[in-house]
Amino acid sequence: MIKKISSIALLLFFNIQFVFAQSTPVVITNATIHVGNGLVIKNGLIGFDSGKIVFVDSVMRNSYKNATIIDAKGKHIYPGLFLLNTYLGLNEIDAVRATRDYLETGDVNPNVRALIAYNTDSKIIPTAQFNGILHMQVVPSGGLISGTSCVVKTKADNWEDAAIINEDGIHVNWPEANGYYQLSGESAQRLVNQKNKLQQFFEDAKQYGKLTNKEVNLRLASMQEALFGKKRIYFHVSTPEGILEVISFCKKNQIPYPVFVTSDFCYLVVDEIKQSGIPVILNVVHRLPAVHHQDIDQPYKTAAILVNKGILVALGLSGSWESRNIMFQAGTCAAYGLTKEQALALITDNAAKITGCDNVLGTITAGKQANIVISEGDILDMKTSIVTHIFIEGNQIKVWNTQTELYEQYSKKYGVETK
């Protein structure tokens with residue numbers, strides 16, 4: 001009898017699991033669709049089923065007339081926003097060392113994996129999701145080689161479920177002087193030694209890959225996919241001199257997929273970057289100029305300078321709490337030389353292309369994952385952006401975070417009306 005009950009319970013369990021795994025077809029109508037690649041469809045429709053976008057058009061498919069219909073009249077639809085170069089999910093409380101998992105000891109740690117430290121239960125992640133950020137590149141830091149980043153979705157039960165790309169690339173911090181200051185003596189020699197150390201490590205890693213009988217070396221083994229074209233190598237570099245040195249380093253070592261993670265200084269060597277064909281992640285747009293003789297708005301203008309030169313550019317925002325504002329930094333770029341759709345691409349399509357997941361993310365295109373954000377206003381504008389609906393892989397996610405919960409709690413307590 002017990003066995004029979006257990007069998008029935010097990011059968012019911014799997015049936016329930018199967019039911020919950022099915023996704024109801026959804027069609028969103030009457031919205032302005034911002035595809036993410038520059039295309040805008042007015043009064044468009046999006047249909048998605050089983051987690052994938054089925055059609056993006058202005059005409060309803062007959063087979064979807066009985067689907068769940070969401071009327072988004074007057075609203076805007078965007079692809080899930082993509083945040084690059086963040087340690088959100090690796091850091092919870094800045095002042096508490098035990099919650100900071102983004103920084104490893106040691107100089108050379110390509111074998112460190114950000115994914116296994118990613119905390120899906122972080123209280124900070126929902127504040128980013130609340131603004132429309134549905135994907136992130138989570139990056140370790142510290143040393144000459146920090147480790148390996150990952151691409152994750154912002155809603156998941158654990159790090160295995162969160163992963164979109166387990167290991168998208170290795171992060172190298174190029175040794176350089178701060179700003180335009182010239183170093184001398186021991187400081188200058190230290191930079192030379194660090195560059196020599198990097199060069200030697202890359203050479204060792206290449207030789208390691210050619211060996212047939214070898215002892216396992218996790219650091220050298222972790223470099224193989226990056227050296228032979230299956231992962232990116234992200235070079236964090238700020239100065240024009242450093243950028244030129246990295247270009248030379250990549251040529252010498254035949255790096256297949258290098259990417260710059262840099263700041264507004266890069267406009268000074270924009271022709272060299274264009275010639276190299278290396279994409280750029282422009283980090284932290286909302287900043288003061290790095291030196292006194294720069295234009296006060298140079299950090300805001302740099303994205304347009306790079307894009308207009310034909311360079312593939314995306315935005316990054318290192319940090320945790322502040323990372324949730326990446327879309328407003330893109331909005332600033334739109335006020336300084338880019339169109340709104342070009343600025344949107346910096347945090348959608350371009351970001352997906354740079355990380356190598358544009359086959360499933362980045363634009364609202366048939367066949368890609370149904371990761372969609374609906375906003376009452378312009379999502380790049382802090383004043384008008386109000387996200388009303390979020391879908392991750394076709395599943396609707398509550399637009400919520402701890403801050404909204406507290407707002408509603410105390411508004412109710414003190415008799416203030418809420419939306």
# chains A, B, ... in the order shown; residues from 1 in each chain; ligands from 1
>>> select_by_dssp(residues="region 295-351 of chain A", states="helix (DSSP H, G or I)", output="JSON list (two decimals) with N, CA and C atoms, in the first residue's frame")
[["chain", "number", "residue", "atom", "x", "y", "z"],
["A", 298, "GLN", "N", 33.80, 65.24, -21.64],
["A", 298, "GLN", "CA", 34.48, 64.24, -22.44],
["A", 298, "GLN", "C", 34.02, 62.80, -22.13],
["A", 299, "PRO", "N", 33.84, 62.42, -20.87],
["A", 299, "PRO", "CA", 33.37, 61.05, -20.61],
["A", 299, "PRO", "C", 32.03, 60.73, -21.26],
["A", 300, "TYR", "N", 31.19, 61.76, -21.46],
["A", 300, "TYR", "CA", 29.88, 61.54, -22.07],
["A", 300, "TYR", "C", 29.98, 61.42, -23.59],
["A", 301, "LYS", "N", 31.00, 62.07, -24.19],
["A", 301, "LYS", "CA", 31.12, 62.13, -25.64],
["A", 301, "LYS", "C", 31.89, 60.95, -26.23],
["A", 302, "THR", "N", 32.65, 60.27, -25.41],
["A", 302, "THR", "CA", 33.58, 59.26, -25.94],
["A", 302, "THR", "C", 32.87, 58.13, -26.67],
["A", 303, "ALA", "N", 31.73, 57.68, -26.16],
["A", 303, "ALA", "CA", 31.00, 56.58, -26.82],
["A", 303, "ALA", "C", 30.66, 56.94, -28.26],
["A", 304, "ALA", "N", 30.19, 58.17, -28.48],
["A", 304, "ALA", "CA", 29.82, 58.59, -29.84],
["A", 304, "ALA", "C", 31.05, 58.65, -30.75],
["A", 305, "ILE", "N", 32.17, 59.09, -30.21],
["A", 305, "ILE", "CA", 33.41, 59.15, -31.01],
["A", 305, "ILE", "C", 33.79, 57.75, -31.49],
["A", 306, "LEU", "N", 33.70, 56.78, -30.60],
["A", 306, "LEU", "CA", 34.05, 55.40, -30.96],
["A", 306, "LEU", "C", 33.04, 54.80, -31.93],
["A", 307, "VAL", "N", 31.75, 54.96, -31.65],
["A", 307, "VAL", "CA", 30.70, 54.39, -32.51],
["A", 307, "VAL", "C", 30.77, 54.98, -33.90],
["A", 308, "ASN", "N", 30.93, 56.29, -33.99],
["A", 308, "ASN", "CA", 30.99, 56.95, -35.29],
["A", 308, "ASN", "C", 32.22, 56.57, -36.09],
["A", 321, "TRP", "N", 26.03, 48.11, -6.17],
["A", 321, "TRP", "CA", 24.80, 48.89, -6.04],
["A", 321, "TRP", "C", 24.61, 49.86, -7.20],
["A", 322, "GLU", "N", 25.68, 50.56, -7.59],
["A", 322, "GLU", "CA", 25.56, 51.59, -8.62],
["A", 322, "GLU", "C", 25.33, 51.01, -10.01],
["A", 323, "SER", "N", 25.59, 49.71, -10.18],
["A", 323, "SER", "CA", 25.48, 49.10, -11.50],
["A", 323, "SER", "C", 24.06, 49.14, -12.06],
["A", 324, "ARG", "N", 23.07, 49.25, -11.20],
["A", 324, "ARG", "CA", 21.67, 49.24, -11.65],
["A", 324, "ARG", "C", 21.33, 50.45, -12.51],
["A", 325, "ASN", "N", 22.22, 51.45, -12.59],
["A", 325, "ASN", "CA", 21.94, 52.68, -13.35],
["A", 325, "ASN", "C", 22.59, 52.69, -14.72],
["A", 326, "ILE", "N", 23.00, 51.54, -15.24],
["A", 326, "ILE", "CA", 23.69, 51.50, -16.53],
["A", 326, "ILE", "C", 22.84, 52.10, -17.65],
["A", 327, "MET", "N", 21.51, 51.91, -17.60],
["A", 327, "MET", "CA", 20.66, 52.42, -18.68],
["A", 327, "MET", "C", 20.65, 53.95, -18.72],
["A", 328, "PHE", "N", 20.82, 54.59, -17.58],
["A", 328, "PHE", "CA", 20.83, 56.05, -17.55],
["A", 328, "PHE", "C", 22.17, 56.60, -18.05],
["A", 329, "GLN", "N", 23.22, 55.81, -17.91],
["A", 329, "GLN", "CA", 24.51, 56.19, -18.49],
["A", 329, "GLN", "C", 24.43, 56.10, -20.02],
["A", 330, "ALA", "N", 23.72, 55.08, -20.51],
["A", 330, "ALA", "CA", 23.49, 54.99, -21.95],
["A", 330, "ALA", "C", 22.66, 56.18, -22.43],
["A", 331, "GLY", "N", 21.69, 56.60, -21.61],
["A", 331, "GLY", "CA", 20.88, 57.77, -21.95],
["A", 331, "GLY", "C", 21.72, 59.03, -22.07],
["A", 332, "THR", "N", 22.73, 59.16, -21.22],
["A", 332, "THR", "CA", 23.64, 60.30, -21.31],
["A", 332, "THR", "C", 24.41, 60.28, -22.62],
["A", 333, "CYS", "N", 24.82, 59.08, -23.06],
["A", 333, "CYS", "CA", 25.51, 58.97, -24.35],
["A", 333, "CYS", "C", 24.60, 59.42, -25.49],
["A", 334, "ALA", "N", 23.28, 59.17, -25.34],
["A", 334, "ALA", "CA", 22.33, 59.61, -26.36],
["A", 334, "ALA", "C", 22.21, 61.13, -26.41],
["A", 340, "LYS", "N", 19.06, 57.60, -29.83],
["A", 340, "LYS", "CA", 18.52, 56.77, -28.75],
["A", 340, "LYS", "C", 18.73, 55.28, -29.03],
["A", 341, "GLU", "N", 18.54, 54.87, -30.28],
["A", 341, "GLU", "CA", 18.67, 53.45, -30.60],
["A", 341, "GLU", "C", 20.12, 53.00, -30.59],
["A", 342, "GLN", "N", 21.04, 53.87, -30.99],
["A", 342, "GLN", "CA", 22.47, 53.54, -30.88],
["A", 342, "GLN", "C", 22.86, 53.39, -29.41],
["A", 343, "ALA", "N", 22.33, 54.27, -28.58],
["A", 343, "ALA", "CA", 22.64, 54.19, -27.14],
["A", 343, "ALA", "C", 22.06, 52.92, -26.53],
["A", 344, "LEU", "N", 20.85, 52.54, -26.96],
["A", 344, "LEU", "CA", 20.25, 51.31, -26.46],
["A", 344, "LEU", "C", 21.09, 50.10, -26.84],
["A", 345, "ALA", "N", 21.65, 50.11, -28.06],
["A", 345, "ALA", "CA", 22.47, 48.99, -28.51],
["A", 345, "ALA", "C", 23.71, 48.79, -27.64],
["A", 349, "ASP", "N", 22.31, 44.78, -27.87],
["A", 349, "ASP", "CA", 22.89, 44.02, -28.97],
["A", 349, "ASP", "C", 24.42, 44.01, -28.94],
["A", 350, "ASN", "N", 25.03, 45.17, -28.76],
["A", 350, "ASN", "CA", 26.50, 45.24, -28.77],
["A", 350, "ASN", "C", 27.11, 44.44, -27.62],
["A", 351, "ALA", "N", 26.47, 44.53, -26.45],
["A", 351, "ALA", "CA", 26.96, 43.79, -25.29],
["A", 351, "ALA", "C", 26.90, 42.29, -25.54]]
>>> residues_around(residues="Leu83 (chain A)", least_positions_apart="3", cutoff="9 Å", atoms="only C-alpha atoms", output="count of residues only")
17
>>> residues_around(residues="Arg113 (chain A)", least_positions_apart="5", cutoff="7 Å", atoms="only C-alpha atoms", output="ChimeraX atom specification")
/A:147-149
>>> residues_around(residues="region 55-64 of chain A", least_positions_apart="5", cutoff="7 Å", atoms="only C-alpha atoms", output="mmCIF file with N, CA and C atoms, in the first residue's frame")
data_model
loop_
_atom_site.group_PDB
_atom_site.id
_atom_site.type_symbol
_atom_site.label_atom_id
_atom_site.label_comp_id
_atom_site.auth_asym_id
_atom_site.auth_seq_id
_atom_site.Cartn_x
_atom_site.Cartn_y
_atom_site.Cartn_z
ATOM 1 N N ASN A 43 3.406 50.354 -32.971
ATOM 2 C CA ASN A 43 2.176 49.547 -32.915
ATOM 3 C C ASN A 43 2.440 48.099 -33.317
ATOM 4 N N GLY A 44 3.501 47.556 -32.781
ATOM 5 C CA GLY A 44 3.911 46.208 -33.147
ATOM 6 C C GLY A 44 3.379 45.143 -32.207
ATOM 7 N N LEU A 45 3.603 43.888 -32.593
ATOM 8 C CA LEU A 45 3.222 42.743 -31.775
ATOM 9 C C LEU A 45 4.430 41.833 -31.588
ATOM 10 N N ILE A 46 4.506 41.257 -30.416
ATOM 11 C CA ILE A 46 5.524 40.246 -30.139
ATOM 12 C C ILE A 46 4.811 39.002 -29.629
ATOM 13 N N GLY A 47 5.091 37.878 -30.244
ATOM 14 C CA GLY A 47 4.545 36.608 -29.768
ATOM 15 C C GLY A 47 5.664 35.705 -29.313
ATOM 16 N N PHE A 48 5.499 35.101 -28.151
ATOM 17 C CA PHE A 48 6.517 34.149 -27.700
ATOM 18 C C PHE A 48 5.869 32.956 -27.020
ATOM 19 N N THR A 365 14.190 39.353 -31.511
ATOM 20 C CA THR A 365 14.239 38.706 -32.826
ATOM 21 C C THR A 365 13.681 37.294 -32.702
ATOM 22 N N ALA A 366 12.925 36.872 -33.704
ATOM 23 C CA ALA A 366 12.365 35.520 -33.695
ATOM 24 C C ALA A 366 13.483 34.491 -33.549
#
>>> closest_residue(among="A:Ala226, A:Ile243, A:Ile278, A:Val27", to="Lys52 (chain A)", atoms="only C-alpha atoms")
A:Val27
>>> closest_residue(among="A:Val259, A:Ile390, A:Val246, A:Leu380", to="Ile311 (chain A)", atoms="only C-alpha atoms")
A:Val259
>>> residues_around(residues="Gly277 (chain A)", least_positions_apart="5", cutoff="10 Å", atoms="only C-alpha atoms", output="PyMOL selection string")
chain A and resi 247+257-259+272+310-312
>>> atom_distance(atom1="CA of Asp204 (chain A)", atom2="CA of Leu220 (chain A)")
7.3 Å
>>> closest_residue(among="A:Arg219, A:Gly89, A:Gly394, A:Ile164", to="Asn359 (chain A)", atoms="only C-alpha atoms")
A:Ile164
>>> closest_residue(among="A:Ala221, A:Leu39, A:Ile392, A:Met382", to="Tyr208 (chain A)", atoms="only C-alpha atoms")
A:Ala221
>>> residues_around(residues="Leu198 (chain A)", least_positions_apart="4", cutoff="9 Å", atoms="only C-alpha atoms", output="VMD selection string")
chain A and resid 108 144 to 145 174 193 to 194 202 to 203
>>> closest_residue(among="A:Gln275, A:Gln294, A:Thr355, A:Gln254", to="Glu167 (chain A)", atoms="only C-alpha atoms")
A:Thr355
>>> atom_distance(atom1="CA of Lys153 (chain A)", atom2="CA of Val387 (chain A)")
17.4 Å
>>> select_by_dssp(residues="region 251-335 of chain A", states="strand (DSSP E)", output="list in words")
Pro258, Val259, Phe260, Val261, Thr262, Val280, Ile281, Leu282, Asn283, Val313, Ala314, Leu315 and Gly316 of chain A
>>> closest_residue(among="A:Tyr234, A:Ser50, A:Asn213, A:Asp121", to="Lys368 (chain A)", atoms="only C-alpha atoms")
A:Ser50
>>> atom_distance(atom1="CA of His34 (chain A)", atom2="CA of Tyr78 (chain A)")
5.2 Å
>>> decode(residues="region 70-202 of chain A", atoms="C-alpha atoms", output="PDB file, in the first residue's frame")
ATOM      1  CA  ILE A  70      -1.097  41.892 -23.033  1.00  0.00           C
ATOM      2  CA  ASP A  71      -2.208  45.272 -24.336  1.00  0.00           C
ATOM      3  CA  ALA A  72       0.813  47.585 -24.086  1.00  0.00           C
ATOM      4  CA  LYS A  73      -0.769  50.588 -25.768  1.00  0.00           C
ATOM      5  CA  GLY A  74       1.354  53.700 -25.254  1.00  0.00           C
ATOM      6  CA  LYS A  75       4.217  51.664 -23.774  1.00  0.00           C
ATOM      7  CA  HIS A  76       7.682  50.722 -25.008  1.00  0.00           C
ATOM      8  CA  ILE A  77       9.163  47.236 -25.312  1.00  0.00           C
ATOM      9  CA  TYR A  78      12.888  46.593 -25.042  1.00  0.00           C
ATOM     10  CA  PRO A  79      15.182  43.566 -25.051  1.00  0.00           C
ATOM     11  CA  GLY A  80      16.417  42.642 -21.593  1.00  0.00           C
ATOM     12  CA  LEU A  81      19.203  45.086 -20.758  1.00  0.00           C
ATOM     13  CA  PHE A  82      22.736  43.683 -20.564  1.00  0.00           C
ATOM     14  CA  LEU A  83      25.136  44.922 -17.865  1.00  0.00           C
ATOM     15  CA  LEU A  84      28.845  44.333 -18.515  1.00  0.00           C
ATOM     16  CA  ASN A  85      31.891  44.421 -16.249  1.00  0.00           C
ATOM     17  CA  THR A  86      30.111  44.285 -12.911  1.00  0.00           C
ATOM     18  CA  TYR A  87      30.744  42.400  -9.690  1.00  0.00           C
ATOM     19  CA  LEU A  88      27.085  42.553  -8.738  1.00  0.00           C
ATOM     20  CA  GLY A  89      26.299  39.182  -7.172  1.00  0.00           C
ATOM     21  CA  LEU A  90      29.849  38.822  -5.860  1.00  0.00           C
ATOM     22  CA  ASN A  91      29.484  41.603  -3.312  1.00  0.00           C
ATOM     23  CA  GLU A  92      26.733  42.299  -0.812  1.00  0.00           C
ATOM     24  CA  ILE A  93      27.977  44.712   1.871  1.00  0.00           C
ATOM     25  CA  ASP A  94      31.050  46.773   0.996  1.00  0.00           C
ATOM     26  CA  ALA A  95      32.153  47.110   4.617  1.00  0.00           C
ATOM     27  CA  VAL A  96      31.928  43.384   5.394  1.00  0.00           C
ATOM     28  CA  ARG A  97      34.868  41.401   3.995  1.00  0.00           C
ATOM     29  CA  ALA A  98      33.027  38.075   4.264  1.00  0.00           C
ATOM     30  CA  THR A  99      30.487  39.246   1.652  1.00  0.00           C
ATOM     31  CA  ARG A 100      33.106  40.397  -0.878  1.00  0.00           C
ATOM     32  CA  ASP A 101      33.884  37.514  -3.241  1.00  0.00           C
ATOM     33  CA  TYR A 102      35.134  39.475  -6.241  1.00  0.00           C
ATOM     34  CA  LEU A 103      38.774  39.871  -5.153  1.00  0.00           C
ATOM     35  CA  GLU A 104      41.263  36.997  -4.969  1.00  0.00           C
ATOM     36  CA  THR A 105      44.759  37.076  -3.509  1.00  0.00           C
ATOM     37  CA  GLY A 106      47.730  36.556  -5.820  1.00  0.00           C
ATOM     38  CA  ASP A 107      48.765  38.099  -9.143  1.00  0.00           C
ATOM     39  CA  VAL A 108      47.896  35.395 -11.662  1.00  0.00           C
ATOM     40  CA  ASN A 109      44.541  33.626 -11.225  1.00  0.00           C
ATOM     41  CA  PRO A 110      43.048  32.696 -14.618  1.00  0.00           C
ATOM     42  CA  ASN A 111      41.569  29.581 -12.989  1.00  0.00           C
ATOM     43  CA  VAL A 112      39.327  31.625 -10.661  1.00  0.00           C
ATOM     44  CA  ARG A 113      35.687  31.306 -11.801  1.00  0.00           C
ATOM     45  CA  ALA A 114      33.253  34.099 -10.970  1.00  0.00           C
ATOM     46  CA  LEU A 115      30.239  31.851 -11.624  1.00  0.00           C
ATOM     47  CA  ILE A 116      30.648  29.563  -8.620  1.00  0.00           C
ATOM     48  CA  ALA A 117      30.737  32.575  -6.288  1.00  0.00           C
ATOM     49  CA  TYR A 118      27.688  34.250  -7.868  1.00  0.00           C
ATOM     50  CA  ASN A 119      24.978  34.734  -5.230  1.00  0.00           C
ATOM     51  CA  THR A 120      21.493  34.472  -6.733  1.00  0.00           C
ATOM     52  CA  ASP A 121      19.995  35.377  -3.333  1.00  0.00           C
ATOM     53  CA  SER A 122      21.656  38.809  -3.275  1.00  0.00           C
ATOM     54  CA  LYS A 123      19.347  41.648  -2.223  1.00  0.00           C
ATOM     55  CA  ILE A 124      21.074  43.947  -4.725  1.00  0.00           C
ATOM     56  CA  ILE A 125      20.290  41.969  -7.887  1.00  0.00           C
ATOM     57  CA  PRO A 126      16.496  42.650  -7.759  1.00  0.00           C
ATOM     58  CA  THR A 127      17.218  46.410  -7.722  1.00  0.00           C
ATOM     59  CA  ALA A 128      18.987  45.992 -11.075  1.00  0.00           C
ATOM     60  CA  GLN A 129      16.254  43.746 -12.447  1.00  0.00           C
ATOM     61  CA  PHE A 130      13.697  46.354 -11.342  1.00  0.00           C
ATOM     62  CA  ASN A 131      15.282  48.750 -13.871  1.00  0.00           C
ATOM     63  CA  GLY A 132      15.207  46.211 -16.708  1.00  0.00           C
ATOM     64  CA  ILE A 133      18.626  44.545 -16.362  1.00  0.00           C
ATOM     65  CA  LEU A 134      18.038  40.881 -17.147  1.00  0.00           C
ATOM     66  CA  HIS A 135      21.596  39.773 -18.024  1.00  0.00           C
ATOM     67  CA  MET A 136      25.001  40.528 -16.535  1.00  0.00           C
ATOM     68  CA  GLN A 137      28.642  39.800 -17.150  1.00  0.00           C
ATOM     69  CA  VAL A 138      29.962  39.111 -13.654  1.00  0.00           C
ATOM     70  CA  VAL A 139      33.682  39.854 -13.398  1.00  0.00           C
ATOM     71  CA  PRO A 140      36.351  39.116 -10.756  1.00  0.00           C
ATOM     72  CA  SER A 141      39.073  41.677 -10.023  1.00  0.00           C
ATOM     73  CA  GLY A 142      42.566  42.069  -8.615  1.00  0.00           C
ATOM     74  CA  GLY A 143      46.084  41.071  -9.633  1.00  0.00           C
ATOM     75  CA  LEU A 144      47.498  40.901 -13.146  1.00  0.00           C
ATOM     76  CA  ILE A 145      45.052  38.195 -14.249  1.00  0.00           C
ATOM     77  CA  SER A 146      41.879  38.334 -12.165  1.00  0.00           C
ATOM     78  CA  GLY A 147      40.104  35.226 -13.368  1.00  0.00           C
ATOM     79  CA  THR A 148      37.214  34.199 -15.593  1.00  0.00           C
ATOM     80  CA  SER A 149      33.923  36.057 -15.922  1.00  0.00           C
ATOM     81  CA  CYS A 150      30.510  34.573 -16.658  1.00  0.00           C
ATOM     82  CA  VAL A 151      27.251  35.702 -18.249  1.00  0.00           C
ATOM     83  CA  VAL A 152      24.172  35.177 -16.078  1.00  0.00           C
ATOM     84  CA  LYS A 153      20.489  36.011 -15.941  1.00  0.00           C
ATOM     85  CA  THR A 154      19.284  38.045 -12.976  1.00  0.00           C
ATOM     86  CA  LYS A 155      16.530  35.617 -11.941  1.00  0.00           C
ATOM     87  CA  ALA A 156      17.510  32.088 -10.941  1.00  0.00           C
ATOM     88  CA  ASP A 157      17.452  29.712  -7.989  1.00  0.00           C
ATOM     89  CA  ASN A 158      21.187  28.982  -8.000  1.00  0.00           C
ATOM     90  CA  TRP A 159      24.328  29.732  -9.952  1.00  0.00           C
ATOM     91  CA  GLU A 160      23.967  26.672 -12.177  1.00  0.00           C
ATOM     92  CA  ASP A 161      20.499  27.828 -13.302  1.00  0.00           C
ATOM     93  CA  ALA A 162      21.667  31.438 -13.658  1.00  0.00           C
ATOM     94  CA  ALA A 163      24.457  30.635 -16.110  1.00  0.00           C
ATOM     95  CA  ILE A 164      24.074  31.629 -19.751  1.00  0.00           C
ATOM     96  CA  ILE A 165      27.811  31.318 -20.442  1.00  0.00           C
ATOM     97  CA  ASN A 166      29.811  29.595 -17.717  1.00  0.00           C
ATOM     98  CA  GLU A 167      33.108  31.177 -18.719  1.00  0.00           C
ATOM     99  CA  ASP A 168      33.028  33.900 -21.358  1.00  0.00           C
ATOM    100  CA  GLY A 169      36.545  35.273 -20.946  1.00  0.00           C
ATOM    101  CA  ILE A 170      39.657  35.914 -18.874  1.00  0.00           C
ATOM    102  CA  HIS A 171      40.381  39.363 -17.420  1.00  0.00           C
ATOM    103  CA  VAL A 172      43.850  40.905 -17.560  1.00  0.00           C
ATOM    104  CA  ASN A 173      44.735  44.136 -15.739  1.00  0.00           C
ATOM    105  CA  TRP A 174      47.397  45.767 -17.890  1.00  0.00           C
ATOM    106  CA  PRO A 175      50.250  47.295 -15.823  1.00  0.00           C
ATOM    107  CA  GLU A 176      50.321  51.048 -16.384  1.00  0.00           C
ATOM    108  CA  ALA A 177      50.938  54.345 -14.644  1.00  0.00           C
ATOM    109  CA  ASN A 178      47.984  56.416 -13.441  1.00  0.00           C
ATOM    110  CA  GLY A 179      46.999  59.158 -15.888  1.00  0.00           C
ATOM    111  CA  TYR A 180      49.885  60.970 -17.555  1.00  0.00           C
ATOM    112  CA  TYR A 181      52.304  60.652 -14.662  1.00  0.00           C
ATOM    113  CA  GLN A 182      55.726  59.374 -15.673  1.00  0.00           C
ATOM    114  CA  LEU A 183      57.204  56.860 -13.269  1.00  0.00           C
ATOM    115  CA  SER A 184      60.884  56.505 -12.548  1.00  0.00           C
ATOM    116  CA  GLY A 185      63.185  54.344 -10.477  1.00  0.00           C
ATOM    117  CA  GLU A 186      61.629  51.406  -8.650  1.00  0.00           C
ATOM    118  CA  SER A 187      58.067  52.224  -9.749  1.00  0.00           C
ATOM    119  CA  ALA A 188      58.998  52.202 -13.441  1.00  0.00           C
ATOM    120  CA  GLN A 189      60.941  48.975 -13.021  1.00  0.00           C
ATOM    121  CA  ARG A 190      57.971  47.381 -11.263  1.00  0.00           C
ATOM    122  CA  LEU A 191      55.795  48.039 -14.337  1.00  0.00           C
ATOM    123  CA  VAL A 192      58.446  46.548 -16.613  1.00  0.00           C
ATOM    124  CA  ASN A 193      58.660  43.460 -14.406  1.00  0.00           C
ATOM    125  CA  GLN A 194      54.888  43.022 -14.395  1.00  0.00           C
ATOM    126  CA  LYS A 195      54.693  43.249 -18.204  1.00  0.00           C
ATOM    127  CA  ASN A 196      57.524  40.746 -18.516  1.00  0.00           C
ATOM    128  CA  LYS A 197      55.691  38.461 -16.091  1.00  0.00           C
ATOM    129  CA  LEU A 198      52.549  38.615 -18.228  1.00  0.00           C
ATOM    130  CA  GLN A 199      54.487  37.921 -21.415  1.00  0.00           C
ATOM    131  CA  GLN A 200      56.259  34.962 -19.846  1.00  0.00           C
ATOM    132  CA  PHE A 201      52.994  33.541 -18.523  1.00  0.00           C
ATOM    133  CA  PHE A 202      51.328  33.750 -21.954  1.00  0.00           C
TER     134      PHE A 202
END
